[in-house]
Amino acid sequence: MDHGKRVRQKLLNFLDSNIFDPVLEALAQQYSTDREKQMLKDVQEVARYDKDHYHFQLATAEEIKREFIREMAQQESGRIARELQELELPRIHLFKGHFLDLCKELGV
């Protein structure tokens with residue numbers, strides 16, 4: 001694997017382990033109301049789409065960084081961000097500093 005692919009994979013691993021997978025692995029049984037369970041289904045659908053988007057449509061580490069920054073600005077005050085907060089699940093903007101530090105460390 002060349003350097004660019006390794007860097008891209010490290011960014012994807014960060015996003016998967018901190019943002020996407022915790023949402024996708026959350027269980028409906030963790031929540032008591034039907035409303036919360038429906039919110040979980042909604043945020044999991046978005047997380048599944050976003051994870052696939054990052055993995056299969058973004059070819060470089062630079063594209064991943066650019067998309068992360070775009071999504072962070074877009075999602076910070078949106079419905080999905082509010083639902084993630086209410087469900088106590090990770091939100092993209094909470095990882096801004098860590099992600100940008102990783103990008104800097106990797107030279108992205």
# chains A, B, ... in the order shown; residues from 1 in each chain; ligands from 1
$ residues_around --residues "A:Arg6" --least-positions-apart "2" --cutoff "12 Å" --atoms "only C-alpha atoms" --output "list in words"
Met1, Asp2, His3, Gly4, Arg8, Gln9, Lys10, Leu11, Leu12, Asn13, Ala59, Thr60, Ala61, Leu106, Gly107 and Val108 of chain A
$ write_last_selection --atoms "all heavy atoms" --output "short mmCIF file (atom, residue, chain, number, x, y, z; two decimals), in the first residue's frame"
data_model
loop_
_atom_site.label_atom_id
_atom_site.label_comp_id
_atom_site.auth_asym_id
_atom_site.auth_seq_id
_atom_site.Cartn_x
_atom_site.Cartn_y
_atom_site.Cartn_z
N MET A 1 0.86 -1.18 0.00
CA MET A 1 0.00 0.00 0.00
C MET A 1 0.90 1.24 0.00
O MET A 1 1.80 1.35 0.82
CB MET A 1 -0.90 -0.02 1.24
CG MET A 1 -1.93 1.06 1.25
SD MET A 1 -3.01 1.12 2.72
CE MET A 1 -3.78 -0.46 2.73
N ASP A 2 0.65 2.15 -0.92
CA ASP A 2 1.49 3.34 -0.97
C ASP A 2 1.11 4.34 0.13
O ASP A 2 0.10 4.17 0.82
CB ASP A 2 1.44 3.98 -2.36
CG ASP A 2 0.14 4.69 -2.68
OD1 ASP A 2 -0.73 4.79 -1.80
OD2 ASP A 2 0.00 5.15 -3.82
N HIS A 3 1.93 5.35 0.29
CA HIS A 3 1.77 6.32 1.38
C HIS A 3 0.40 7.00 1.35
O HIS A 3 -0.26 7.14 2.38
CB HIS A 3 2.89 7.36 1.32
CG HIS A 3 2.76 8.43 2.35
ND1 HIS A 3 2.97 8.19 3.70
CD2 HIS A 3 2.39 9.73 2.25
CE1 HIS A 3 2.75 9.30 4.38
NE2 HIS A 3 2.40 10.25 3.52
N GLY A 4 -0.05 7.44 0.17
CA GLY A 4 -1.34 8.12 0.06
C GLY A 4 -2.50 7.25 0.50
O GLY A 4 -3.41 7.71 1.17
N ARG A 8 -4.95 7.87 3.74
CA ARG A 8 -6.40 7.84 3.54
C ARG A 8 -7.03 6.82 4.49
O ARG A 8 -8.04 7.10 5.15
CB ARG A 8 -6.71 7.46 2.09
CG ARG A 8 -8.18 7.36 1.78
CD ARG A 8 -8.42 6.91 0.33
NE ARG A 8 -9.83 6.73 0.08
CZ ARG A 8 -10.51 5.61 0.34
NH1 ARG A 8 -9.90 4.57 0.87
NH2 ARG A 8 -11.81 5.56 0.09
N GLN A 9 -6.42 5.64 4.62
CA GLN A 9 -6.96 4.60 5.47
C GLN A 9 -6.93 5.01 6.95
O GLN A 9 -7.85 4.71 7.70
CB GLN A 9 -6.22 3.28 5.27
CG GLN A 9 -6.89 2.11 5.93
CD GLN A 9 -8.32 1.89 5.45
OE1 GLN A 9 -8.58 1.82 4.26
NE2 GLN A 9 -9.27 1.81 6.37
N LYS A 10 -5.89 5.72 7.36
CA LYS A 10 -5.82 6.19 8.75
C LYS A 10 -6.95 7.18 9.05
O LYS A 10 -7.54 7.13 10.13
CB LYS A 10 -4.47 6.81 9.05
CG LYS A 10 -3.37 5.79 9.19
CD LYS A 10 -2.04 6.43 9.55
CE LYS A 10 -0.99 5.34 9.68
NZ LYS A 10 0.29 5.85 10.13
N LEU A 11 -7.25 8.05 8.11
CA LEU A 11 -8.36 8.99 8.30
C LEU A 11 -9.69 8.24 8.36
O LEU A 11 -10.54 8.54 9.21
CB LEU A 11 -8.38 10.04 7.19
CG LEU A 11 -7.21 11.01 7.15
CD1 LEU A 11 -7.37 11.99 5.99
CD2 LEU A 11 -7.04 11.74 8.46
N LEU A 12 -9.87 7.27 7.47
CA LEU A 12 -11.10 6.48 7.49
C LEU A 12 -11.23 5.70 8.80
O LEU A 12 -12.32 5.64 9.37
CB LEU A 12 -11.13 5.52 6.30
CG LEU A 12 -11.33 6.16 4.93
CD1 LEU A 12 -11.17 5.12 3.83
CD2 LEU A 12 -12.67 6.87 4.84
N ASN A 13 -10.14 5.13 9.27
CA ASN A 13 -10.17 4.40 10.54
C ASN A 13 -10.58 5.31 11.69
O ASN A 13 -11.36 4.92 12.57
CB ASN A 13 -8.82 3.75 10.84
CG ASN A 13 -8.49 2.60 9.92
OD1 ASN A 13 -9.35 2.08 9.22
ND2 ASN A 13 -7.23 2.22 9.89
N ALA A 59 -11.60 9.47 -2.91
CA ALA A 59 -10.43 8.68 -3.29
C ALA A 59 -9.15 9.08 -2.58
O ALA A 59 -8.21 8.28 -2.52
CB ALA A 59 -10.22 8.77 -4.80
N THR A 60 -9.08 10.29 -2.04
CA THR A 60 -7.83 10.75 -1.44
C THR A 60 -8.06 11.27 -0.02
O THR A 60 -9.19 11.63 0.35
CB THR A 60 -7.20 11.90 -2.26
OG1 THR A 60 -8.06 13.05 -2.17
CG2 THR A 60 -7.00 11.50 -3.72
N ALA A 61 -6.98 11.36 0.73
CA ALA A 61 -7.05 11.92 2.08
C ALA A 61 -7.50 13.39 2.03
O ALA A 61 -8.24 13.83 2.90
CB ALA A 61 -5.69 11.80 2.76
N LEU A 106 -0.39 13.79 9.67
CA LEU A 106 -0.22 12.95 8.47
C LEU A 106 0.16 13.76 7.23
O LEU A 106 0.38 13.20 6.16
CB LEU A 106 -1.51 12.16 8.19
CG LEU A 106 -1.92 11.16 9.26
CD1 LEU A 106 -3.30 10.60 8.96
CD2 LEU A 106 -0.89 10.04 9.37
N GLY A 107 0.20 15.08 7.37
CA GLY A 107 0.58 15.93 6.24
C GLY A 107 -0.51 16.15 5.21
O GLY A 107 -0.22 16.37 4.03
N VAL A 108 -1.75 16.11 5.67
CA VAL A 108 -2.88 16.32 4.74
C VAL A 108 -3.26 17.78 4.76
O VAL A 108 -3.50 18.35 5.81
CB VAL A 108 -4.09 15.44 5.14
CG1 VAL A 108 -5.25 15.68 4.19
CG2 VAL A 108 -3.70 13.99 5.16
#
$ residues_around --residues "stretch 21-35 of chain A" --least-positions-apart "6" --cutoff "9 Å" --atoms "only C-alpha atoms" --output "VMD selection string"
chain A and resid 15 41 43 to 45 47 to 48 51 84 87 89 to 90
$ write_last_selection --atoms "C-alpha atoms" --output "CSV table (one decimal), in the first residue's frame"
chain,number,residue,atom,x,y,z
A,15,LEU,CA,-13.9,8.4,11.3
A,41,LYS,CA,-33.0,4.4,12.9
A,43,VAL,CA,-29.3,8.6,12.4
A,44,GLN,CA,-28.1,5.1,11.6
A,45,GLU,CA,-29.4,5.5,8.0
A,47,ALA,CA,-24.4,7.2,9.3
A,48,ARG,CA,-24.5,4.2,6.9
A,51,LYS,CA,-19.6,5.9,5.9
A,84,LEU,CA,-27.4,12.4,17.9
A,87,LEU,CA,-29.4,10.0,21.8
A,89,LEU,CA,-24.1,9.5,20.3
A,90,PRO,CA,-21.0,11.0,18.7
$ select_by_dssp --residues "chain A" --states "helix (DSSP H, G or I)" --output "PyMOL selection string"
chain A and resi 3-24+28-30+34-57+61-75+79-86+92-106
$ residues_around --residues "A:Arg79" --least-positions-apart "2" --cutoff "12 Å" --atoms "only C-alpha atoms" --output "PyMOL selection string"
chain A and resi 39+42-43+46+74-77+81-86+91
$ write_last_selection --atoms "C-alpha atoms" --output "PDB file, in the first residue's frame"
ATOM      1  CA  MET A  39     -34.462   8.679  15.858  1.00  0.00           C
ATOM      2  CA  ASP A  42     -32.849   7.786  11.206  1.00  0.00           C
ATOM      3  CA  VAL A  43     -29.338   8.625  12.407  1.00  0.00           C
ATOM      4  CA  VAL A  46     -27.484   8.728   7.653  1.00  0.00           C
ATOM      5  CA  GLN A  74     -23.455  21.669   7.540  1.00  0.00           C
ATOM      6  CA  GLN A  75     -24.379  19.304  10.387  1.00  0.00           C
ATOM      7  CA  GLU A  76     -23.504  21.399  13.422  1.00  0.00           C
ATOM      8  CA  SER A  77     -27.008  22.778  13.879  1.00  0.00           C
ATOM      9  CA  ALA A  81     -26.878  16.641  15.040  1.00  0.00           C
ATOM     10  CA  ARG A  82     -29.700  17.384  17.485  1.00  0.00           C
ATOM     11  CA  GLU A  83     -30.892  13.787  17.377  1.00  0.00           C
ATOM     12  CA  LEU A  84     -27.360  12.431  17.874  1.00  0.00           C
ATOM     13  CA  GLN A  85     -26.968  14.713  20.881  1.00  0.00           C
ATOM     14  CA  GLU A  86     -30.306  13.650  22.323  1.00  0.00           C
ATOM     15  CA  ARG A  91     -21.390  14.069  16.515  1.00  0.00           C
TER      16      ARG A  91
END
$ closest_residue --among "A:Gln57, A:Phe95, A:Tyr49, A:Ile19" --to "A:Ile69" --atoms "only C-alpha atoms"
A:Phe95
$ atom_distance --atom1 "atom CA of A:His55" --atom2 "atom CA of A:Gln38"
25.8 Å
$ closest_residue --among "A:Lys104, A:His98, A:Phe14, A:Glu36" --to "A:Tyr54" --atoms "only C-alpha atoms"
A:Phe14
$ atom_distance --atom1 "atom CA of A:Cys103" --atom2 "atom CA of A:Glu88"
26.1 Å
$ atom_distance --atom1 "atom CA of A:Glu71" --atom2 "atom CA of A:Ile92"
7.9 Å
